[in-house]
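What follows is final.cif (mmCIF, C-alpha atoms).
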```
data_upload
loop_
_atom_site.label_atom_id
_atom_site.label_comp_id
_atom_site.auth_asym_id
_atom_site.auth_seq_id
_atom_site.Cartn_x
_atom_site.Cartn_y
_atom_site.Cartn_z
CA MET H 1 5.35 8.90 30.59
CA GLU H 2 3.32 5.79 31.33
CA PHE H 3 1.54 4.32 28.30
CA THR H 4 0.62 0.93 26.78
CA ILE H 5 0.71 -0.22 23.17
CA ARG H 6 -1.80 -2.88 22.16
CA ALA H 7 -3.77 -4.28 19.22
CA ALA H 8 -6.91 -2.29 18.39
CA THR H 9 -10.34 -3.84 19.02
CA LEU H 10 -13.82 -3.08 17.62
CA GLU H 11 -14.48 -0.81 20.61
CA ASP H 12 -11.51 1.38 19.64
CA CYS H 13 -13.07 2.38 16.32
CA LYS H 14 -14.76 5.44 17.85
CA ASP H 15 -11.41 6.83 19.04
CA ILE H 16 -9.61 5.75 15.85
CA SER H 17 -12.23 7.65 13.83
CA ARG H 18 -11.73 10.71 16.05
CA MET H 19 -7.95 10.58 15.64
CA ILE H 20 -8.17 9.98 11.86
CA LEU H 21 -10.04 13.28 11.65
CA GLU H 22 -7.47 14.98 13.88
CA LEU H 23 -4.66 13.70 11.61
CA ALA H 24 -6.53 14.84 8.48
CA GLU H 25 -6.99 18.29 10.08
CA TYR H 26 -3.24 18.40 10.80
CA GLU H 27 -2.60 17.56 7.11
CA LYS H 28 -5.12 20.28 6.20
CA VAL H 29 -7.45 17.95 4.30
CA SER H 30 -10.23 16.96 6.74
CA ASP H 31 -12.93 17.51 4.07
CA GLN H 32 -11.51 14.46 2.25
CA VAL H 33 -12.42 12.02 5.04
CA LYS H 34 -15.38 9.92 3.86
CA ILE H 35 -14.89 6.94 6.20
CA ALA H 36 -16.97 6.78 9.39
CA GLN H 37 -16.74 4.68 12.56
CA ARG H 38 -19.03 1.95 11.17
CA ASP H 39 -16.87 1.62 8.01
CA LEU H 40 -13.80 1.06 10.18
CA GLU H 41 -15.67 -1.55 12.21
CA GLN H 42 -16.71 -3.42 9.06
CA ASP H 43 -13.44 -3.09 7.16
CA GLY H 44 -11.05 -3.74 10.04
CA PHE H 45 -12.81 -6.28 12.20
CA SER H 46 -14.61 -8.72 9.95
CA LYS H 47 -13.38 -12.17 8.83
CA ASN H 48 -11.03 -10.75 6.16
CA PRO H 49 -9.89 -7.37 7.49
CA PHE H 50 -8.47 -4.78 5.10
CA PHE H 51 -6.31 -3.26 7.82
CA HIS H 52 -5.03 -3.81 11.37
CA GLY H 53 -4.73 -1.24 14.14
CA ILE H 54 -2.50 -0.51 17.11
CA ILE H 55 -3.56 1.82 19.93
CA ALA H 56 -1.47 3.82 22.40
CA GLU H 57 -3.29 4.26 25.69
CA VAL H 58 -2.50 6.23 28.86
CA PRO H 59 -3.93 5.60 32.35
CA GLU H 60 -6.97 7.64 33.51
CA HIS H 61 -4.95 10.10 35.57
CA LEU H 62 -2.94 11.09 32.47
CA LYS H 63 -5.86 11.47 30.06
CA SER H 64 -5.95 14.36 27.56
CA LYS H 65 -6.88 17.87 28.69
CA GLU H 66 -7.64 19.57 25.39
CA ASP H 67 -10.63 18.85 23.16
CA SER H 68 -12.37 20.79 20.40
CA CYS H 69 -15.81 19.75 21.72
CA MET H 70 -16.43 21.89 24.79
CA TYR H 71 -19.77 20.43 25.85
CA PHE H 72 -19.19 16.70 26.17
CA PHE H 73 -15.54 16.62 26.99
CA THR H 74 -14.49 13.69 29.17
CA GLY H 75 -10.79 13.45 28.30
CA HIS H 76 -9.25 10.74 26.13
CA THR H 77 -7.08 7.85 27.27
CA LYS H 78 -6.54 6.57 23.73
CA VAL H 79 -3.95 9.08 22.54
CA GLY H 80 -2.30 7.56 19.48
CA TYR H 81 -2.79 4.92 16.82
CA SER H 82 -1.28 3.25 13.81
CA LEU H 83 -3.12 1.55 10.94
CA TYR H 84 -1.20 -0.96 8.84
CA PHE H 85 -1.73 -3.81 6.36
CA TYR H 86 0.31 -6.40 4.54
CA THR H 87 1.46 -5.81 0.98
CA TYR H 88 3.76 -7.60 -1.44
CA SER H 89 6.91 -6.64 -3.26
CA SER H 90 7.44 -8.57 -6.50
CA TRP H 91 11.19 -8.29 -5.80
CA LYS H 92 11.40 -9.03 -2.09
CA GLY H 93 8.10 -10.66 -1.09
CA ARG H 94 6.08 -9.88 2.04
CA ALA H 95 6.03 -6.28 3.21
CA VAL H 96 4.05 -4.21 5.68
CA TYR H 97 2.59 -0.80 4.88
CA MET H 98 2.02 1.69 7.67
CA GLU H 99 -0.94 3.73 6.46
CA ASP H 100 -1.32 6.07 9.44
CA LEU H 101 0.80 6.95 12.48
CA TYR H 102 -0.59 9.60 14.82
CA VAL H 103 -0.09 10.83 18.38
CA MET H 104 -2.26 13.62 19.84
CA PRO H 105 -0.20 16.85 20.02
CA GLU H 106 -0.12 17.06 23.84
CA PHE H 107 1.36 13.53 24.05
CA ARG H 108 4.19 14.00 21.56
CA GLY H 109 7.87 13.91 22.43
CA LYS H 110 7.39 11.07 24.93
CA GLY H 111 8.33 8.09 22.78
CA ILE H 112 4.75 7.05 21.90
CA GLY H 113 5.17 7.46 18.13
CA LYS H 114 8.38 5.45 18.19
CA ALA H 115 6.69 2.74 20.31
CA LEU H 116 3.78 2.49 17.86
CA MET H 117 6.14 2.19 14.91
CA SER H 118 8.23 -0.36 16.83
CA LYS H 119 5.09 -2.49 17.35
CA VAL H 120 4.24 -2.38 13.64
CA SER H 121 7.85 -3.42 12.88
CA GLN H 122 7.64 -6.34 15.34
CA LEU H 123 4.36 -7.56 13.86
CA GLY H 124 5.67 -7.14 10.33
CA LEU H 125 8.84 -9.11 11.06
CA ALA H 126 6.80 -11.83 12.81
CA ALA H 127 4.70 -12.15 9.63
CA GLY H 128 7.84 -12.62 7.52
CA CYS H 129 8.05 -9.10 6.08
CA THR H 130 11.39 -7.69 4.99
CA GLN H 131 10.39 -4.06 4.61
CA LEU H 132 8.05 -1.43 6.03
CA ASN H 133 6.74 1.22 3.63
CA PHE H 134 4.71 4.40 4.18
CA THR H 135 4.27 7.86 2.65
CA VAL H 136 4.95 11.29 4.14
CA LEU H 137 4.00 14.71 2.81
CA ASP H 138 7.00 16.69 1.65
CA TRP H 139 6.17 19.74 3.81
CA ASN H 140 5.91 17.65 7.01
CA LYS H 141 9.47 18.37 8.16
CA SER H 142 9.09 17.14 11.75
CA SER H 143 7.75 13.76 10.51
CA LEU H 144 10.40 13.53 7.78
CA ASP H 145 13.14 14.15 10.40
CA PHE H 146 11.60 11.61 12.82
CA TYR H 147 11.50 8.87 10.16
CA LEU H 148 14.99 9.54 8.84
CA LYS H 149 16.28 9.23 12.41
CA GLN H 150 14.65 5.74 12.66
CA GLY H 151 16.74 4.54 9.70
CA CYS H 152 14.11 5.03 6.96
CA TRP H 153 15.04 6.27 3.52
CA ASP H 154 13.17 8.36 0.97
CA VAL H 155 12.37 6.08 -1.99
CA THR H 156 10.79 8.95 -3.97
CA SER H 157 13.95 11.00 -3.64
CA ASP H 158 16.52 8.20 -4.01
CA LEU H 159 14.88 6.07 -6.71
CA GLY H 160 12.53 8.61 -8.27
CA TYR H 161 9.38 6.60 -7.52
CA HIS H 162 6.16 8.61 -7.79
CA CYS H 163 2.90 7.58 -6.12
CA MET H 164 0.14 7.47 -8.75
CA ARG H 165 -3.60 7.23 -8.38
CA CYS H 166 -6.52 6.49 -10.70
CA GLU H 167 -9.94 7.19 -9.15
CA GLY H 168 -13.57 8.20 -9.66
CA ASP H 169 -14.59 8.79 -13.27
CA ALA H 170 -11.14 7.88 -14.58
CA LEU H 171 -11.33 4.48 -12.84
CA GLU H 172 -14.88 3.82 -14.11
CA HIS H 173 -13.84 4.84 -17.61
CA LEU H 174 -10.84 2.54 -17.51
CA ALA H 175 -13.04 -0.33 -16.28
CA GLN H 176 -15.27 0.14 -19.28
CA GLY H 177 -12.31 -0.15 -21.61
CA GLY H 178 -11.91 3.55 -22.28
CA LEU H 179 -8.49 4.66 -23.48
CA MET O 1 -1.85 -11.70 -33.63
CA ALA O 2 -5.25 -11.30 -32.07
CA ASN O 3 -5.90 -14.23 -29.78
CA PHE O 4 -4.96 -13.90 -26.19
CA ASN O 5 -6.63 -14.91 -22.98
CA LEU O 6 -6.66 -13.12 -19.62
CA ARG O 7 -7.23 -15.30 -16.61
CA LYS O 8 -6.63 -15.61 -12.91
CA ALA O 9 -3.15 -17.03 -12.22
CA GLU O 10 -2.88 -20.61 -10.98
CA PRO O 11 -0.07 -22.31 -9.01
CA LYS O 12 1.32 -23.76 -12.26
CA ASP O 13 1.91 -20.19 -13.52
CA VAL O 14 4.41 -19.40 -10.75
CA PRO O 15 7.57 -20.11 -12.83
CA ASP O 16 6.26 -17.83 -15.60
CA ILE O 17 5.28 -15.12 -13.11
CA LEU O 18 8.80 -15.12 -11.65
CA ARG O 19 10.31 -15.06 -15.14
CA LEU O 20 8.18 -12.01 -16.05
CA ILE O 21 8.97 -10.27 -12.71
CA LYS O 22 12.66 -10.65 -13.53
CA GLU O 23 12.15 -9.39 -17.09
CA LEU O 24 10.38 -6.28 -15.81
CA ALA O 25 13.09 -5.73 -13.19
CA LYS O 26 15.72 -6.05 -15.94
CA TYR O 27 13.85 -3.40 -17.97
CA GLU O 28 14.04 -1.15 -14.87
CA GLU O 29 17.76 -2.06 -14.53
CA MET O 30 17.09 -3.64 -11.13
CA GLU O 31 17.35 -7.35 -11.94
CA ASP O 32 19.77 -8.06 -9.07
CA GLN O 33 17.16 -6.72 -6.60
CA VAL O 34 14.79 -9.64 -7.20
CA ILE O 35 15.32 -12.14 -4.37
CA LEU O 36 11.84 -13.65 -4.49
CA THR O 37 11.73 -17.39 -5.32
CA GLU O 38 9.08 -19.66 -6.85
CA LYS O 39 8.55 -21.15 -3.39
CA ASP O 40 7.77 -17.66 -1.94
CA LEU O 41 5.36 -16.89 -4.76
CA LEU O 42 3.56 -20.22 -4.32
CA GLU O 43 3.25 -19.90 -0.55
CA ASP O 44 2.34 -16.20 -0.56
CA GLY O 45 -0.10 -16.20 -3.46
CA PHE O 46 -1.95 -19.49 -3.24
CA GLY O 47 -2.36 -20.22 0.47
CA ASP O 48 -5.32 -19.52 2.78
CA HIS O 49 -4.52 -15.81 3.13
CA PRO O 50 -2.84 -14.68 -0.07
CA PHE O 51 -0.60 -11.62 0.10
CA TYR O 52 -1.20 -10.90 -3.58
CA HIS O 53 -3.44 -11.71 -6.56
CA CYS O 54 -2.32 -12.17 -10.11
CA VAL O 55 -3.82 -12.18 -13.60
CA VAL O 56 -1.87 -13.61 -16.52
CA ALA O 57 -2.19 -13.19 -20.27
CA ASP O 58 -1.52 -16.25 -22.35
CA VAL O 59 -1.56 -17.02 -26.05
CA PRO O 60 -2.55 -20.29 -27.76
CA ALA O 61 0.24 -22.75 -28.57
CA GLU O 62 0.21 -21.90 -32.28
CA GLN O 63 0.85 -18.24 -31.51
CA GLN O 64 3.78 -18.76 -29.23
CA CYS O 65 6.57 -16.68 -30.58
CA SER O 66 9.27 -18.90 -32.03
CA LEU O 67 11.79 -16.61 -30.35
CA THR O 68 10.41 -17.10 -26.87
CA GLY O 69 8.47 -20.36 -26.86
CA TYR O 70 6.34 -19.10 -23.98
CA SER O 71 2.57 -19.08 -23.76
CA VAL O 72 2.28 -16.85 -20.64
CA ILE O 73 3.35 -13.50 -22.05
CA GLY O 74 2.05 -10.88 -19.62
CA PHE O 75 0.90 -10.46 -16.03
CA ALA O 76 -0.31 -8.06 -13.38
CA MET O 77 0.16 -8.49 -9.63
CA TYR O 78 -2.13 -6.59 -7.26
CA TYR O 79 -3.53 -6.57 -3.73
CA PHE O 80 -6.07 -4.64 -1.70
CA THR O 81 -5.02 -1.81 0.59
CA TYR O 82 -6.86 0.67 2.81
CA ASP O 83 -7.08 4.42 3.10
CA PRO O 84 -8.78 5.44 6.36
CA TRP O 85 -10.25 8.48 4.57
CA ILE O 86 -11.86 6.71 1.61
CA GLY O 87 -11.72 2.97 2.35
CA LYS O 88 -10.62 0.08 0.16
CA LEU O 89 -8.15 0.57 -2.67
CA LEU O 90 -6.60 -1.72 -5.26
CA TYR O 91 -2.82 -1.48 -5.41
CA LEU O 92 -1.15 -2.46 -8.66
CA GLU O 93 2.27 -3.87 -7.75
CA ASP O 94 3.50 -5.03 -11.17
CA PHE O 95 2.17 -4.85 -14.70
CA TYR O 96 4.11 -6.19 -17.69
CA VAL O 97 3.72 -7.54 -21.22
CA MET O 98 6.64 -9.15 -23.05
CA LYS O 99 8.15 -6.86 -25.69
CA GLU O 100 7.27 -9.25 -28.55
CA TYR O 101 3.55 -9.03 -27.64
CA ARG O 102 3.11 -5.29 -27.19
CA GLY O 103 0.94 -3.12 -29.39
CA PHE O 104 -1.92 -5.66 -29.52
CA GLY O 105 -4.03 -4.20 -26.75
CA ILE O 106 -3.00 -6.77 -24.14
CA GLY O 107 -1.76 -4.15 -21.64
CA SER O 108 -4.92 -2.09 -22.02
CA GLU O 109 -7.05 -5.20 -21.55
CA ILE O 110 -5.15 -6.11 -18.35
CA LEU O 111 -5.67 -2.59 -17.01
CA LYS O 112 -9.36 -2.74 -17.91
CA THR O 113 -9.72 -6.06 -16.05
CA LEU O 114 -8.00 -4.65 -12.97
CA SER O 115 -10.08 -1.47 -12.98
CA ASP O 116 -13.18 -3.62 -13.26
CA THR O 117 -11.96 -5.70 -10.30
CA ALA O 118 -11.42 -2.49 -8.34
CA VAL O 119 -14.91 -1.20 -9.10
CA LYS O 120 -16.58 -4.59 -8.39
CA ASN O 121 -14.79 -4.75 -5.01
CA ARG O 122 -15.99 -1.25 -4.17
CA CYS O 123 -12.51 0.22 -4.23
CA SER O 124 -12.44 4.01 -4.46
CA SER O 125 -9.20 4.09 -6.32
CA MET O 126 -6.33 2.17 -7.91
CA HIS O 127 -2.82 3.11 -6.74
CA PHE O 128 0.64 2.24 -8.02
CA ILE O 129 4.15 3.68 -8.19
CA VAL O 130 6.11 4.55 -11.29
CA ALA O 131 9.75 5.59 -11.58
CA GLU O 132 9.90 9.19 -12.80
CA SER O 133 12.49 8.17 -15.41
CA ASN O 134 9.89 5.89 -16.98
CA LYS O 135 8.23 8.60 -19.05
CA ALA O 136 6.47 6.14 -21.40
CA PHE O 137 4.62 4.51 -18.50
CA ILE O 138 3.80 7.82 -16.81
CA ASP O 139 2.27 9.11 -20.06
CA PHE O 140 0.40 5.78 -20.58
CA TYR O 141 -1.21 6.11 -17.14
CA LYS O 142 -1.85 9.85 -17.33
CA ARG O 143 -3.65 9.34 -20.66
CA ARG O 144 -5.98 7.03 -18.75
CA GLY O 145 -6.72 9.61 -16.09
CA ALA O 146 -4.13 8.76 -13.42
CA SER O 147 -2.72 11.60 -11.33
CA ASP O 148 0.81 11.88 -9.97
CA LEU O 149 0.35 12.24 -6.19
CA SER O 150 4.04 12.87 -5.58
CA LEU O 151 3.99 15.90 -7.88
CA GLN O 152 0.48 17.14 -7.15
CA GLU O 153 0.19 16.57 -3.41
CA GLY O 154 3.81 16.15 -2.29
CA TRP O 155 3.62 12.52 -1.14
CA ARG O 156 7.01 10.85 -0.75
CA LEU O 157 7.35 7.05 -0.42
CA PHE O 158 9.53 6.05 2.53
CA ARG O 159 10.95 2.65 3.33
CA ILE O 160 12.70 0.95 6.20
CA ASP O 161 14.59 -2.23 5.34
CA LYS O 162 14.97 -5.39 7.41
CA GLU O 163 18.16 -4.42 9.24
CA ASN O 164 16.62 -1.23 10.60
CA LEU O 165 13.26 -2.94 11.13
CA LEU O 166 15.02 -5.37 13.49
CA LYS O 167 16.66 -2.48 15.36
CA MET O 168 13.37 -0.63 15.62
CA SER O 169 11.41 -3.66 16.80
CA ALA O 170 13.96 -4.29 19.55
CA GLU O 171 13.62 -0.80 21.00
CA GLU O 172 11.63 -0.39 24.23
#
```
Structure encoded using structure tokens:
Amino acid sequence: MEFTIRAATLEDCKDISRMILELAEYEKVSDQVKIAQRDLEQDGFSKNPFFHGIIAEVPEHLKSKEDSCMYFFTGHTKVGYSLYFYTYSSWKGRAVYMEDLYVMPEFRGKGIGKALMSKVSQLGLAAGCTQLNFTVLDWNKSSLDFYLKQGCWDVTSDLGYHCMRCEGDALEHLAQGGL
Amino acid sequence: MANFNLRKAEPKDVPDILRLIKELAKYEEMEDQVILTEKDLLEDGFGDHPFYHCVVADVPAEQQCSLTGYSVIGFAMYYFTYDPWIGKLLYLEDFYVMKEYRGFGIGSEILKTLSDTAVKNRCSSMHFIVAESNKAFIDFYKRRGASDLSLQEGWRLFRIDKENLLKMSAEE
């Protein structure tokens, strides 16, 4: 299938926002999405961006056929994305974290996901990174299989690392010195 | 021992930061995994676009432990990340206080400072990883309201190392 992989621009935020919601729906947690298009524009495209984006685009004649909105459907040419940012390992130095990787269901199995991940790898290596990290839900077998085939390994399983989070009231409490 | 000072790390702290990184790695039985150098830390933390931020805890000269002779006795390394559902987050990469200086509230004070930084920067959350074998740390964090996303939500951390990154980036 014909497609292009390129850096995301401000104008892509509308489609990125749409696909973020699609990915959240796929992970069964769409009610947790609090970020809107304007947040993405501000956080990803200002002087000090908090993330970078890559878009997978198909030509007009291959645009998407399915859409949940029946009334204003025009078909989408932006059919996949990846969001990433740079992190730091105190053992190995510069690293890149792939926060999201998503391809619309009707465009899967055509190498788009692999191409998006390849682009993130290229950019990471160019920036001097020695590792790419990301998280996957344990029930997401098709994604787990895809990543293992690319040469990734499961740090949670192999080293016993657990992802921890402190948020909301607990974070505020901690900031005030609460124990 | 009551006097300690928490401050933003400066370039001159780099040798101490690397020393403490190696001490923490040794505690986790992973000392041979640390390949980072002082040069990397200097370039990556104190240039125009830092990859990380650091706070250090130091004690006045008269309180330097005669065993260690060091004044920088604790540190935390962090950076900002992004969750497309909730926005900015603070990621705590490393957090360590030398054994001789534990039990004086230094660790709690570092965590308080970082949480405050997170809140001031409008971060929704502070994230970090902990080895499941490190029960003391897991309990320390859970007591402060942290949740274990791997256990509760099934998130697994995946990694691809340089060799496979090179292969992947070369694929059409």
Spatial neighbours of Arg19 of chain O, max dist 10 Å, only C-alpha atoms, sep filter under 5 positions, as a ChimeraX atom specification:
/O:13-14,24-25,38,72-73
Write out, as JSON lines, each residue of chain O that has an atom at most 6 Å from chain H, together with the closest pair of atoms and their distance in Å to one decimal, counting all atoms listed in the file, rows going by chain and rising number.
```
{"residue": "O:Val34", "atom": "CA", "partner": "H:Trp91", "partner_atom": "CA", "distance": 4.1}
{"residue": "O:Ile35", "atom": "CA", "partner": "H:Lys92", "partner_atom": "CA", "distance": 5.5}
{"residue": "O:Leu36", "atom": "CA", "partner": "H:Lys92", "partner_atom": "CA", "distance": 5.2}
{"residue": "O:Trp85", "atom": "CA", "partner": "H:Val33", "partner_atom": "CA", "distance": 4.2}
{"residue": "O:Ile86", "atom": "CA", "partner": "H:Lys34", "partner_atom": "CA", "distance": 5.3}
{"residue": "O:Lys112", "atom": "CA", "partner": "H:Ala175", "partner_atom": "CA", "distance": 4.7}
{"residue": "O:Ser115", "atom": "CA", "partner": "H:Ala175", "partner_atom": "CA", "distance": 4.6}
{"residue": "O:Asp116", "atom": "CA", "partner": "H:Ala175", "partner_atom": "CA", "distance": 4.5}
{"residue": "O:Ser125", "atom": "CA", "partner": "H:Glu167", "partner_atom": "CA", "distance": 4.3}
{"residue": "O:Met126", "atom": "CA", "partner": "H:Cys166", "partner_atom": "CA", "distance": 5.1}
{"residue": "O:His127", "atom": "CA", "partner": "H:Arg165", "partner_atom": "CA", "distance": 4.5}
{"residue": "O:Phe128", "atom": "CA", "partner": "H:Met164", "partner_atom": "CA", "distance": 5.3}
{"residue": "O:Ile129", "atom": "CA", "partner": "H:Cys163", "partner_atom": "CA", "distance": 4.6}
{"residue": "O:Val130", "atom": "CA", "partner": "H:His162", "partner_atom": "CA", "distance": 5.4}
{"residue": "O:Ala131", "atom": "CA", "partner": "H:Tyr161", "partner_atom": "CA", "distance": 4.2}
{"residue": "O:Glu132", "atom": "CA", "partner": "H:Gly160", "partner_atom": "CA", "distance": 5.3}
{"residue": "O:Arg144", "atom": "CA", "partner": "H:Leu179", "partner_atom": "CA", "distance": 5.9}
{"residue": "O:Gly145", "atom": "CA", "partner": "H:Ala170", "partner_atom": "CA", "distance": 5.0}
{"residue": "O:Ala146", "atom": "CA", "partner": "H:Cys166", "partner_atom": "CA", "distance": 4.3}
{"residue": "O:Ser147", "atom": "CA", "partner": "H:Arg165", "partner_atom": "CA", "distance": 5.3}
{"residue": "O:Asp148", "atom": "CA", "partner": "H:Met164", "partner_atom": "CA", "distance": 4.6}
{"residue": "O:Leu149", "atom": "CA", "partner": "H:Cys163", "partner_atom": "CA", "distance": 5.3}
{"residue": "O:Ser150", "atom": "CA", "partner": "H:His162", "partner_atom": "CA", "distance": 5.2}
{"residue": "O:Gly154", "atom": "CA", "partner": "H:Asp138", "partner_atom": "CA", "distance": 5.1}
{"residue": "O:Trp155", "atom": "CA", "partner": "H:Leu137", "partner_atom": "CA", "distance": 4.5}
{"residue": "O:Arg156", "atom": "CA", "partner": "H:Thr135", "partner_atom": "CA", "distance": 5.3}
{"residue": "O:Leu157", "atom": "CA", "partner": "H:Thr135", "partner_atom": "CA", "distance": 4.4}
{"residue": "O:Phe158", "atom": "CA", "partner": "H:Asp154", "partner_atom": "CA", "distance": 4.6}
{"residue": "O:Arg159", "atom": "CA", "partner": "H:Asn133", "partner_atom": "CA", "distance": 4.5}
{"residue": "O:Ile160", "atom": "CA", "partner": "H:Cys152", "partner_atom": "CA", "distance": 4.4}
{"residue": "O:Asp161", "atom": "CA", "partner": "H:Gln131", "partner_atom": "CA", "distance": 4.6}
{"residue": "O:Lys162", "atom": "CA", "partner": "H:Thr130", "partner_atom": "CA", "distance": 4.9}
{"residue": "O:Asn164", "atom": "CA", "partner": "H:Gly151", "partner_atom": "CA", "distance": 5.8}
{"residue": "O:Leu165", "atom": "CA", "partner": "H:Ser121", "partner_atom": "CA", "distance": 5.7}
{"residue": "O:Met168", "atom": "CA", "partner": "H:Ser118", "partner_atom": "CA", "distance": 5.3}
{"residue": "O:Ser169", "atom": "CA", "partner": "H:Ser118", "partner_atom": "CA", "distance": 4.6}
```
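What the PyMOL selection byres ((chain H and resi 60) around 12) grabs from this file is Glu2, Phe3, Glu57, Val58, Pro59, His61, Leu62, Lys63, Ser64, Lys65, Thr74, Gly75, His76, Thr77, Lys78 and Val79 of chain H.
Closest approach to Tyr96 of chain O among O:Arg122, O:Lys8, O:Lys167, O:Lys26: O:Lys26, based on only C-alpha atoms.
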For the PyMOL selection byres ((chain O and resi 89) around 6), applied here, can you spell out every residue it catches as a PDB file with C-alpha atoms, in the coordinates of the input?
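Okay, out07.pdb is ready:
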```
ATOM      1  CA  PHE O  80      -6.070  -4.640  -1.700  1.00  0.00           C
ATOM      2  CA  THR O  81      -5.020  -1.810   0.590  1.00  0.00           C
ATOM      3  CA  TYR O  82      -6.860   0.670   2.810  1.00  0.00           C
ATOM      4  CA  LYS O  88     -10.620   0.080   0.160  1.00  0.00           C
ATOM      5  CA  LEU O  90      -6.600  -1.720  -5.260  1.00  0.00           C
ATOM      6  CA  CYS O 123     -12.510   0.220  -4.230  1.00  0.00           C
ATOM      7  CA  SER O 124     -12.440   4.010  -4.460  1.00  0.00           C
ATOM      8  CA  SER O 125      -9.200   4.090  -6.320  1.00  0.00           C
ATOM      9  CA  MET O 126      -6.330   2.170  -7.910  1.00  0.00           C
TER      10      MET O 126
END
```
